[in-house]
Structures are given as C-alpha cells and as structure tokens.
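Q: This is run_6.pdb (PDB, C-alpha atoms, pLDDT in the B column).
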ATOM      1  CA  MET T   1       7.175  15.654   5.878  1.00 91.00           C
ATOM      2  CA  LEU T   2       6.539  12.938   3.296  1.00 96.00           C
ATOM      3  CA  LEU T   3       2.780  12.643   3.647  1.00 96.00           C
ATOM      4  CA  ASN T   4       0.422  15.145   5.247  1.00 97.00           C
ATOM      5  CA  LEU T   5      -3.356  14.851   5.449  1.00 97.00           C
ATOM      6  CA  SER T   6      -5.120  17.795   7.050  1.00 97.00           C
ATOM      7  CA  HIS T   7      -8.794  18.047   8.079  1.00 97.00           C
ATOM      8  CA  ILE T   8      -9.952  15.345   5.686  1.00 97.00           C
ATOM      9  CA  TYR T   9     -13.673  14.756   5.361  1.00 97.00           C
ATOM     10  CA  LYS T  10     -15.268  12.164   3.103  1.00 97.00           C
ATOM     11  CA  ASP T  11     -19.017  11.884   2.539  1.00 96.00           C
ATOM     12  CA  TYR T  12     -20.937   9.510   0.306  1.00 92.00           C
ATOM     13  CA  GLN T  13     -24.311  10.270  -1.207  1.00 88.00           C
ATOM     14  CA  GLN T  14     -26.942   7.540  -0.840  1.00 86.00           C
ATOM     15  CA  GLU T  15     -30.004   8.803  -2.683  1.00 84.00           C
ATOM     16  CA  LYS T  16     -30.983  11.901  -0.654  1.00 86.00           C
ATOM     17  CA  LEU T  17     -28.910  10.909   2.358  1.00 91.00           C
ATOM     18  CA  VAL T  18     -25.371  12.142   2.964  1.00 91.00           C
ATOM     19  CA  VAL T  19     -23.299   9.538   4.809  1.00 92.00           C
ATOM     20  CA  PRO T  20     -20.151  10.858   6.529  1.00 94.00           C
ATOM     21  CA  VAL T  21     -17.302   8.311   6.478  1.00 96.00           C
ATOM     22  CA  LEU T  22     -14.223  10.345   7.454  1.00 97.00           C
ATOM     23  CA  LYS T  23     -14.592  13.224   9.903  1.00 96.00           C
ATOM     24  CA  ASP T  24     -11.797  15.773  10.279  1.00 96.00           C
ATOM     25  CA  VAL T  25      -8.936  13.286   9.890  1.00 96.00           C
ATOM     26  CA  SER T  26      -5.420  14.716  10.108  1.00 96.00           C
ATOM     27  CA  LEU T  27      -2.230  12.667  10.067  1.00 94.00           C
ATOM     28  CA  SER T  28       1.367  12.966   8.948  1.00 95.00           C
ATOM     29  CA  VAL T  29       4.000  10.402   8.023  1.00 96.00           C
ATOM     30  CA  GLU T  30       7.723  11.118   7.916  1.00 97.00           C
ATOM     31  CA  GLU T  31      10.076   9.541   5.406  1.00 97.00           C
ATOM     32  CA  GLY T  32      11.273   6.151   6.678  1.00 97.00           C
ATOM     33  CA  GLU T  33       8.385   5.649   9.103  1.00 97.00           C
ATOM     34  CA  TYR T  34       6.457   2.398   9.523  1.00 97.00           C
ATOM     35  CA  VAL T  35       2.861   3.231  10.402  1.00 97.00           C
ATOM     36  CA  ALA T  36      -0.175   1.002  10.914  1.00 97.00           C
ATOM     37  CA  ILE T  37      -3.685   2.408  10.560  1.00 96.00           C
ATOM     38  CA  MET T  38      -5.876   0.077  12.569  1.00 95.00           C
ATOM     39  CA  GLY T  39      -9.636  -0.084  12.904  1.00 93.00           C
ATOM     40  CA  PRO T  40     -12.594  -2.467  12.803  1.00 92.00           C
ATOM     41  CA  SER T  41     -14.797  -3.061   9.767  1.00 90.00           C
ATOM     42  CA  GLY T  42     -16.713   0.093   8.947  1.00 90.00           C
ATOM     43  CA  SER T  43     -14.274   2.368  10.757  1.00 94.00           C
ATOM     44  CA  GLY T  44     -13.263   4.270   7.606  1.00 94.00           C
ATOM     45  CA  LYS T  45      -9.767   2.796   7.298  1.00 94.00           C
ATOM     46  CA  THR T  46     -10.302   1.539   3.727  1.00 93.00           C
ATOM     47  CA  THR T  47     -11.657   4.928   2.649  1.00 95.00           C
ATOM     48  CA  LEU T  48      -8.633   6.561   4.255  1.00 96.00           C
ATOM     49  CA  MET T  49      -6.336   4.117   2.458  1.00 95.00           C
ATOM     50  CA  ASN T  50      -7.987   4.929  -0.863  1.00 95.00           C
ATOM     51  CA  ILE T  51      -7.373   8.637  -0.298  1.00 96.00           C
ATOM     52  CA  ILE T  52      -3.736   8.090   0.728  1.00 97.00           C
ATOM     53  CA  GLY T  53      -3.312   5.907  -2.381  1.00 96.00           C
ATOM     54  CA  CYS T  54      -4.898   8.545  -4.665  1.00 95.00           C
ATOM     55  CA  LEU T  55      -7.613   6.040  -5.591  1.00 94.00           C
ATOM     56  CA  ASP T  56     -10.300   8.390  -4.250  1.00 94.00           C
ATOM     57  CA  LEU T  57     -10.551  12.068  -3.371  1.00 94.00           C
ATOM     58  CA  PRO T  58     -11.853  13.559  -0.131  1.00 96.00           C
ATOM     59  CA  THR T  59     -14.938  15.738   0.056  1.00 96.00           C
ATOM     60  CA  SER T  60     -12.797  18.418   1.694  1.00 97.00           C
ATOM     61  CA  GLY T  61      -9.410  18.883   3.320  1.00 97.00           C
ATOM     62  CA  SER T  62      -5.853  18.894   2.010  1.00 97.00           C
ATOM     63  CA  TYR T  63      -3.325  16.206   1.071  1.00 97.00           C
ATOM     64  CA  GLU T  64       0.334  16.758   0.285  1.00 97.00           C
ATOM     65  CA  LEU T  65       2.697  13.988  -0.788  1.00 96.00           C
ATOM     66  CA  SER T  66       6.359  14.938  -0.995  1.00 93.00           C
ATOM     67  CA  GLY T  67       5.308  18.581  -1.086  1.00 92.00           C
ATOM     68  CA  GLN T  68       2.905  18.024  -4.010  1.00 94.00           C
ATOM     69  CA  ASP T  69      -0.698  19.160  -3.618  1.00 96.00           C
ATOM     70  CA  VAL T  70      -2.401  15.904  -4.549  1.00 95.00           C
ATOM     71  CA  LEU T  71      -5.888  17.392  -4.656  1.00 93.00           C
ATOM     72  CA  ALA T  72      -4.812  19.909  -7.305  1.00 94.00           C
ATOM     73  CA  CYS T  73      -3.695  17.123  -9.652  1.00 94.00           C
ATOM     74  CA  LYS T  74      -5.612  16.226 -12.800  1.00 93.00           C
ATOM     75  CA  ASP T  75      -6.503  12.582 -13.489  1.00 92.00           C
ATOM     76  CA  ARG T  76      -3.355  11.952 -15.535  1.00 92.00           C
ATOM     77  CA  GLU T  77      -1.167  13.491 -12.848  1.00 94.00           C
ATOM     78  CA  LEU T  78      -2.873  11.333 -10.203  1.00 93.00           C
ATOM     79  CA  ALA T  79      -2.143   8.252 -12.321  1.00 92.00           C
ATOM     80  CA  ASP T  80       1.532   9.272 -12.402  1.00 92.00           C
ATOM     81  CA  VAL T  81       1.536   9.684  -8.606  1.00 93.00           C
ATOM     82  CA  ARG T  82       0.050   6.202  -8.178  1.00 94.00           C
ATOM     83  CA  LEU T  83       2.568   4.696 -10.590  1.00 91.00           C
ATOM     84  CA  ASN T  84       5.727   6.396  -9.395  1.00 91.00           C
ATOM     85  CA  SER T  85       5.174   7.442  -5.778  1.00 94.00           C
ATOM     86  CA  ILE T  86       3.011   4.698  -4.232  1.00 96.00           C
ATOM     87  CA  GLY T  87       3.561   0.943  -4.212  1.00 96.00           C
ATOM     88  CA  PHE T  88       0.383  -1.038  -3.518  1.00 96.00           C
ATOM     89  CA  VAL T  89       0.194  -4.406  -1.742  1.00 96.00           C
ATOM     90  CA  PHE T  90      -3.278  -5.913  -1.441  1.00 92.00           C
ATOM     91  CA  GLN T  91      -4.682  -8.859   0.475  1.00 90.00           C
ATOM     92  CA  SER T  92      -5.599 -10.781  -2.687  1.00 91.00           C
ATOM     93  CA  PHE T  93      -2.278 -10.314  -4.563  1.00 94.00           C
ATOM     94  CA  HIS T  94      -3.818  -9.319  -7.954  1.00 94.00           C
ATOM     95  CA  LEU T  95      -1.277 -11.254 -10.028  1.00 96.00           C
ATOM     96  CA  LEU T  96      -1.707 -12.037 -13.713  1.00 96.00           C
ATOM     97  CA  PRO T  97      -2.170 -15.848 -13.756  1.00 95.00           C
ATOM     98  CA  ARG T  98      -0.591 -16.487 -17.167  1.00 95.00           C
ATOM     99  CA  GLU T  99       2.554 -14.467 -16.511  1.00 96.00           C
ATOM    100  CA  SER T 100       5.617 -15.585 -14.591  1.00 96.00           C
ATOM    101  CA  ALA T 101       6.524 -14.112 -11.226  1.00 96.00           C
ATOM    102  CA  LEU T 102       9.186 -12.012 -12.937  1.00 95.00           C
ATOM    103  CA  GLU T 103       6.786 -10.591 -15.516  1.00 94.00           C
ATOM    104  CA  ASN T 104       4.281  -9.753 -12.777  1.00 96.00           C
ATOM    105  CA  VAL T 105       7.035  -7.874 -10.951  1.00 95.00           C
ATOM    106  CA  ALA T 106       7.835  -5.963 -14.148  1.00 93.00           C
ATOM    107  CA  LEU T 107       4.312  -4.592 -14.751  1.00 93.00           C
ATOM    108  CA  PRO T 108       4.873  -1.122 -13.219  1.00 92.00           C
ATOM    109  CA  LEU T 109       8.056  -0.752 -15.275  1.00 90.00           C
ATOM    110  CA  ILE T 110       6.122  -1.583 -18.430  1.00 87.00           C
ATOM    111  CA  TYR T 111       3.424   0.975 -17.532  1.00 86.00           C
ATOM    112  CA  ALA T 112       6.169   3.533 -16.879  1.00 86.00           C
ATOM    113  CA  GLY T 113       7.643   2.912 -20.329  1.00 85.00           C
ATOM    114  CA  VAL T 114      10.919   1.400 -19.130  1.00 81.00           C
ATOM    115  CA  LYS T 115      12.097  -0.616 -22.130  1.00 70.00           C
ATOM    116  CA  LYS T 116      15.023  -2.555 -20.668  1.00 67.00           C
ATOM    117  CA  ALA T 117      13.912  -3.559 -17.206  1.00 73.00           C
ATOM    118  CA  ASP T 118      15.529  -6.957 -16.711  1.00 82.00           C
ATOM    119  CA  ARG T 119      18.026  -5.774 -14.098  1.00 86.00           C
ATOM    120  CA  GLU T 120      15.411  -3.838 -12.111  1.00 88.00           C
ATOM    121  CA  LYS T 121      12.799  -6.593 -12.009  1.00 91.00           C
ATOM    122  CA  ARG T 122      15.344  -9.268 -11.069  1.00 92.00           C
ATOM    123  CA  ALA T 123      16.751  -7.043  -8.324  1.00 93.00           C
ATOM    124  CA  ALA T 124      13.240  -6.509  -6.930  1.00 94.00           C
ATOM    125  CA  ALA T 125      12.559 -10.266  -6.954  1.00 94.00           C
ATOM    126  CA  GLU T 126      15.852 -10.966  -5.216  1.00 94.00           C
ATOM    127  CA  ARG T 127      15.114  -8.271  -2.635  1.00 93.00           C
ATOM    128  CA  VAL T 128      12.052 -10.194  -1.412  1.00 95.00           C
ATOM    129  CA  GLY T 129      13.728 -13.622  -1.549  1.00 93.00           C
ATOM    130  CA  LEU T 130      12.270 -14.918  -4.821  1.00 93.00           C
ATOM    131  CA  ALA T 131      15.394 -15.328  -6.943  1.00 91.00           C
ATOM    132  CA  ASP T 132      14.726 -19.057  -7.364  1.00 93.00           C
ATOM    133  CA  ARG T 133      11.028 -18.629  -8.243  1.00 94.00           C
ATOM    134  CA  VAL T 134      11.115 -15.934 -10.922  1.00 94.00           C
ATOM    135  CA  ASP T 135      10.001 -18.260 -13.752  1.00 96.00           C
ATOM    136  CA  PHE T 136       7.111 -19.800 -11.818  1.00 97.00           C
ATOM    137  CA  LYS T 137       3.492 -18.934 -12.621  1.00 97.00           C
ATOM    138  CA  PRO T 138       1.225 -17.811  -9.746  1.00 96.00           C
ATOM    139  CA  THR T 139      -0.476 -21.226  -9.690  1.00 95.00           C
ATOM    140  CA  GLN T 140       2.910 -22.763  -8.856  1.00 97.00           C
ATOM    141  CA  LEU T 141       3.507 -20.464  -5.892  1.00 96.00           C
ATOM    142  CA  SER T 142       2.352 -20.606  -2.278  1.00 95.00           C
ATOM    143  CA  GLY T 143       0.305 -17.775  -0.803  1.00 95.00           C
ATOM    144  CA  GLY T 144       3.359 -16.308   0.893  1.00 96.00           C
ATOM    145  CA  GLN T 145       5.355 -16.448  -2.341  1.00 96.00           C
ATOM    146  CA  LYS T 146       2.509 -14.748  -4.232  1.00 96.00           C
ATOM    147  CA  GLN T 147       2.543 -11.925  -1.688  1.00 96.00           C
ATOM    148  CA  ARG T 148       6.300 -11.616  -2.104  1.00 96.00           C
ATOM    149  CA  VAL T 149       5.741 -11.201  -5.854  1.00 97.00           C
ATOM    150  CA  ALA T 150       3.177  -8.495  -5.086  1.00 96.00           C
ATOM    151  CA  ILE T 151       5.624  -6.735  -2.748  1.00 97.00           C
ATOM    152  CA  ALA T 152       8.409  -6.901  -5.342  1.00 96.00           C
ATOM    153  CA  ARG T 153       6.012  -5.472  -7.932  1.00 96.00           C
ATOM    154  CA  ALA T 154       5.095  -2.665  -5.511  1.00 96.00           C
ATOM    155  CA  MET T 155       8.783  -1.866  -4.891  1.00 95.00           C
ATOM    156  CA  VAL T 156      10.189  -2.139  -8.425  1.00 94.00           C
ATOM    157  CA  ASN T 157       9.628   1.551  -9.241  1.00 91.00           C
ATOM    158  CA  ASN T 158      11.204   2.649  -5.925  1.00 91.00           C
ATOM    159  CA  PRO T 159       8.044   4.398  -4.695  1.00 93.00           C
ATOM    160  CA  LYS T 160       8.040   6.946  -1.886  1.00 94.00           C
ATOM    161  CA  ILE T 161       5.499   4.911   0.116  1.00 96.00           C
ATOM    162  CA  LEU T 162       4.626   1.221   0.324  1.00 97.00           C
ATOM    163  CA  LEU T 163       0.871   1.085   1.026  1.00 97.00           C
ATOM    164  CA  ALA T 164      -0.239  -2.332   2.288  1.00 96.00           C
ATOM    165  CA  ASP T 165      -3.897  -3.265   2.755  1.00 95.00           C
ATOM    166  CA  GLU T 166      -4.370  -6.274   5.098  1.00 94.00           C
ATOM    167  CA  PRO T 167      -1.207  -7.842   3.608  1.00 94.00           C
ATOM    168  CA  THR T 168      -1.489 -11.092   5.599  1.00 94.00           C
ATOM    169  CA  GLY T 169      -5.268 -11.477   5.362  1.00 92.00           C
ATOM    170  CA  ALA T 170      -5.124 -14.341   2.838  1.00 91.00           C
ATOM    171  CA  LEU T 171      -2.160 -16.129   4.427  1.00 94.00           C
ATOM    172  CA  ASP T 172      -1.664 -18.793   7.071  1.00 93.00           C
ATOM    173  CA  SER T 173       0.034 -17.693  10.290  1.00 93.00           C
ATOM    174  CA  LYS T 174       3.515 -18.906   9.312  1.00 94.00           C
ATOM    175  CA  SER T 175       3.454 -17.188   5.907  1.00 95.00           C
ATOM    176  CA  GLY T 176       1.955 -14.072   7.491  1.00 95.00           C
ATOM    177  CA  LYS T 177       4.803 -13.884   9.990  1.00 95.00           C
ATOM    178  CA  GLN T 178       7.345 -14.207   7.187  1.00 95.00           C
ATOM    179  CA  ILE T 179       5.698 -11.373   5.247  1.00 96.00           C
ATOM    180  CA  MET T 180       5.709  -9.147   8.326  1.00 96.00           C
ATOM    181  CA  GLU T 181       9.396  -9.930   8.871  1.00 96.00           C
ATOM    182  CA  LEU T 182       9.985  -8.899   5.250  1.00 96.00           C
ATOM    183  CA  PHE T 183       8.222  -5.569   5.897  1.00 97.00           C
ATOM    184  CA  ASP T 184      10.463  -5.084   8.949  1.00 96.00           C
ATOM    185  CA  ARG T 185      13.549  -5.608   6.808  1.00 95.00           C
ATOM    186  CA  LEU T 186      12.335  -3.272   4.064  1.00 95.00           C
ATOM    187  CA  ASN T 187      11.645  -0.577   6.647  1.00 96.00           C
ATOM    188  CA  GLU T 188      15.138  -1.053   8.095  1.00 96.00           C
ATOM    189  CA  GLU T 189      16.427  -0.442   4.551  1.00 94.00           C
ATOM    190  CA  GLY T 190      14.603   2.906   4.567  1.00 95.00           C
ATOM    191  CA  VAL T 191      11.263   2.057   2.934  1.00 96.00           C
ATOM    192  CA  THR T 192       8.324   4.103   4.238  1.00 97.00           C
ATOM    193  CA  ILE T 193       5.405   1.780   4.998  1.00 98.00           C
ATOM    194  CA  VAL T 194       1.757   2.603   5.694  1.00 97.00           C
ATOM    195  CA  MET T 195      -0.216  -0.533   6.540  1.00 97.00           C
ATOM    196  CA  ILE T 196      -3.985  -0.876   6.899  1.00 96.00           C
ATOM    197  CA  THR T 197      -5.203  -3.615   9.219  1.00 95.00           C
ATOM    198  CA  HIS T 198      -7.923  -4.646  11.653  1.00 93.00           C
ATOM    199  CA  ASP T 199      -5.553  -7.018  13.460  1.00 93.00           C
ATOM    200  CA  ALA T 200      -3.779  -5.694  16.570  1.00 93.00           C
ATOM    201  CA  LYS T 201      -1.116  -8.402  16.314  1.00 94.00           C
ATOM    202  CA  ILE T 202      -0.229  -7.358  12.776  1.00 95.00           C
ATOM    203  CA  ALA T 203      -0.369  -3.670  13.699  1.00 95.00           C
ATOM    204  CA  SER T 204       2.131  -4.293  16.501  1.00 95.00           C
ATOM    205  CA  TYR T 205       4.892  -4.837  13.908  1.00 96.00           C
ATOM    206  CA  ALA T 206       4.675  -1.153  12.977  1.00 96.00           C
ATOM    207  CA  LYS T 207       6.660   1.521  14.794  1.00 96.00           C
ATOM    208  CA  ARG T 208       3.565   3.699  15.216  1.00 95.00           C
ATOM    209  CA  VAL T 209      -0.096   2.722  15.387  1.00 96.00           C
ATOM    210  CA  ILE T 210      -2.913   5.108  14.448  1.00 95.00           C
ATOM    211  CA  ARG T 211      -6.370   3.965  15.488  1.00 95.00           C
ATOM    212  CA  ILE T 212      -9.464   5.003  13.576  1.00 96.00           C
ATOM    213  CA  ILE T 213     -13.033   4.409  14.693  1.00 95.00           C
ATOM    214  CA  ASP T 214     -16.267   5.764  13.240  1.00 94.00           C
ATOM    215  CA  GLY T 215     -14.289   7.862  10.789  1.00 96.00           C
ATOM    216  CA  GLU T 216     -12.218   9.664  13.400  1.00 96.00           C
ATOM    217  CA  ILE T 217      -8.647   9.273  14.613  1.00 93.00           C
ATOM    218  CA  GLU T 218      -9.064   8.016  18.151  1.00 81.00           C
ATOM    219  CA  GLU T 219      -5.499   7.529  19.291  1.00 60.00           C
ATOM    220  CA  ALA T 220      -1.963   7.593  17.975  1.00 54.00           C
ATOM    221  CA  ALA T 221       0.640   5.597  19.864  1.00 50.00           C
ATOM    222  CA  GLU T 222       4.384   5.170  19.485  1.00 50.00           C
TER     223      GLU T 222
END
Spell out the structure here as structure tokens.
A:
Amino acid sequence: MLLNLSHIYKDYQQEKLVVPVLKDVSLSVEEGEYVAIMGPSGSGKTTLMNIIGCLDLPTSGSYELSGQDVLACKDRELADVRLNSIGFVFQSFHLLPRESALENVALPLIYAGVKKADREKRAAAERVGLADRVDFKPTQLSGGQKQRVAIARAMVNNPKILLADEPTGALDSKSGKQIMELFDRLNEEGVTIVMITHDAKIASYAKRVIRIIDGEIEEAAE
C-alpha cells in the first residue's frame, strides 16, 4: 500500500467552538492508481488534500506513506516528504514570473541540492510536451502551457504521488481536456495520481472516484 489514511479526524478551533471538518476518514491508494477525491465546496476535500500532502496534520488518526509513519515525523522530516515524495499541482500554477519555464521546472531540484540538473529538468519539460517552450517566461505562455510547467516541476523529483488540486480550474475547456489527457498518459507510465476536484466530468478521468461530503467518505466507486 502506497498511501493509507486510517480514522482521520480534523477539528478546527474557532474561539470556544470546536468545528469538525473531517470525521473518521479512511482511505488507501495503491501504487500506480489514479484516484479522484470529489466533493462540493465545504465538503472537507481541501483539508483532506492538505493532510495527504503533509501541509497539515490531523487532530487524530494515522497516516502512512510508503510505510513511513507521517504523523511521527518532525517538521524537517515532513519538509523532506513534501519535497521528495509528493509532487504538487495547483489550480493557480504558482510559477515564478521572472524565471523561464525551465528554471521553474528546476526549483525542486535546487531545493533538494541537486547541483547539475540540466538533464533532469529538460527531460521533465519534454515529458509534458514543452521542449520548444523551455526558455519562455510565464507571461509568454498560455494557461495550459503554464500548467504543463507546473506538472513538469511536480514530476522532476520523481515523487511517489502526484497530488493535483483542481488542476483545470483556471483553464478553458480545450486546455483542460489536454491537461487531463496528459494525466492519463502519466498514469499509464506508472505515475500515482490523487486529484482533488468538485467537477464530476474531471473526476471521471480517474480510475477510481472517492466522494466526500460533510467531512465523511460517502461512496467509493471503481
């Protein structure tokens, strides 16, 4: 099992009020799976994504990633997990505007201390179909091309999981379809993908859909 969440609860404190967001959530993802976690606004899917991505910790429960007890990790160890085990793709790209596409792709390698990364970053750019755009700045790229840069950046360290949060939310329908086709291809190459979305059409690209509503897993479908 690559990822295993068991009996996850997450509460937030608002003054004297305790607000439960996730309620006894358990889910597992095998290596090579393509899973969509789908739910409406306020369902808890973003909180669940943050826990899967080691950006937040649950109030209680357990989380293992590749056999590692994530909740036993110290802050520095969690940072290493985020850098080396999880590739993040967000709706709003988060590219550095003054850097080229290639240098944006290379950021995780720089953070990991890889000194000679030219081959790796170019291979990642080529993998997402950006070989002819590597010297372009983000302002010179379309929305779909920006998301490809973000996907290449997420993949450059060969993470165990690609975690995508509403990856087509800022794109037109044509570009969104192209990005989803790219995810299909990456999954066929063996990349494990966990995608967060509110859109049933986007979720339908995944091989398995997990529905969350009011902080609880409602249904899992093949």
Q: What would the selection look like, as a list of chain:residue names, if the PyMOL selection byres ((chain T and resi 104-107) around 9) were run on the coordinates I just shared?
A: T:Leu95, T:Leu96, T:Pro97, T:Glu99, T:Ser100, T:Ala101, T:Leu102, T:Glu103, T:Pro108, T:Leu109, T:Ile110, T:Tyr111, T:Ala112, T:Ala117, T:Asp118, T:Glu120, T:Lys121, T:Arg122, T:Ala124, T:Ala125, T:Val149, T:Ala150, T:Ile151, T:Ala152, T:Arg153, T:Ala154, T:Met155, T:Val156
Q: Select, counting all atoms listed in the file, all protein, DNA and RNA residues no farther than 12 Å from (-2.5, 1.8, 7.6) in file coordinates, and express the selection as a ChimeraX atom specification.
A: /T:27-29,33-39,44-53,88-90,161-167,192-200,202-212,217,220
Q: For atom CA of T:Glu30 and atom CA of T:Ile86, quote the distance in Å rounded to one decimal.
A: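 Atom CA of T:Ile86 lies at a distance of 14.5 Å from atom CA of T:Glu30.
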Q: Which one of T:Lys160, T:Ser66, T:Lys115, T:Gly144 sits closest to T:Val191 if you count all atoms listed in the file?
A: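 Closest residue, counting all atoms listed in the file: T:Lys160.
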Q: Can you tell me how far atom CA of T:Arg98 sits from atom CA of T:Leu55, in Å to one decimal?
A: 26.3 Å
Q: Just so the selection is clear, what residues does the PyMOL selection byres ((chain T and resi 67) around 12) cover here, as a list in words?
A: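 On this input, the PyMOL selection byres ((chain T and resi 67) around 12) captures Met1, Leu2, Leu3, Asn4, Leu5, Glu30, Ser62, Tyr63, Glu64, Leu65, Ser66, Gln68, Asp69, Val70, Leu71, Ala72 and Lys160 of chain T.
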Q: Around all of stretch 144-152 of chain T's listed atoms, make the axis-aligned box with 8 Å on each side and tell me centre and edge lengths in Å to one decimal, as AutoDock Vina command-line options.
A:
--center_x 5.5 --center_y -11.6 --center_z -2.5 --size_x 21.9 --size_y 25.7 --size_z 22.7
Q: What does the structure give for the distance between atom CA of T:Lys23 and atom CA of T:Cys54, in Å to one decimal?
A: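 Computing the Euclidean distance for atom CA of T:Lys23 and atom CA of T:Cys54 yields 18.1 Å.
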Q: Hey, which of T:Glu77, T:Asp24, T:Glu181, T:Glu31 ends up closest to T:Arg148? Count all atoms listed in the file.
A: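 Looking only at the distances to T:Arg148, the closest residue turns out to be T:Glu181.
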Q: Take the PyMOL selection byres ((chain T and resi 10) around 9), run it mentally on this structure, and tell me the resulting residues as JSON, numbers by chain.
A: {"T": [8, 9, 11, 12, 19, 20, 21, 22, 23, 24, 47, 48, 57, 58, 59, 60, 61, 215]}
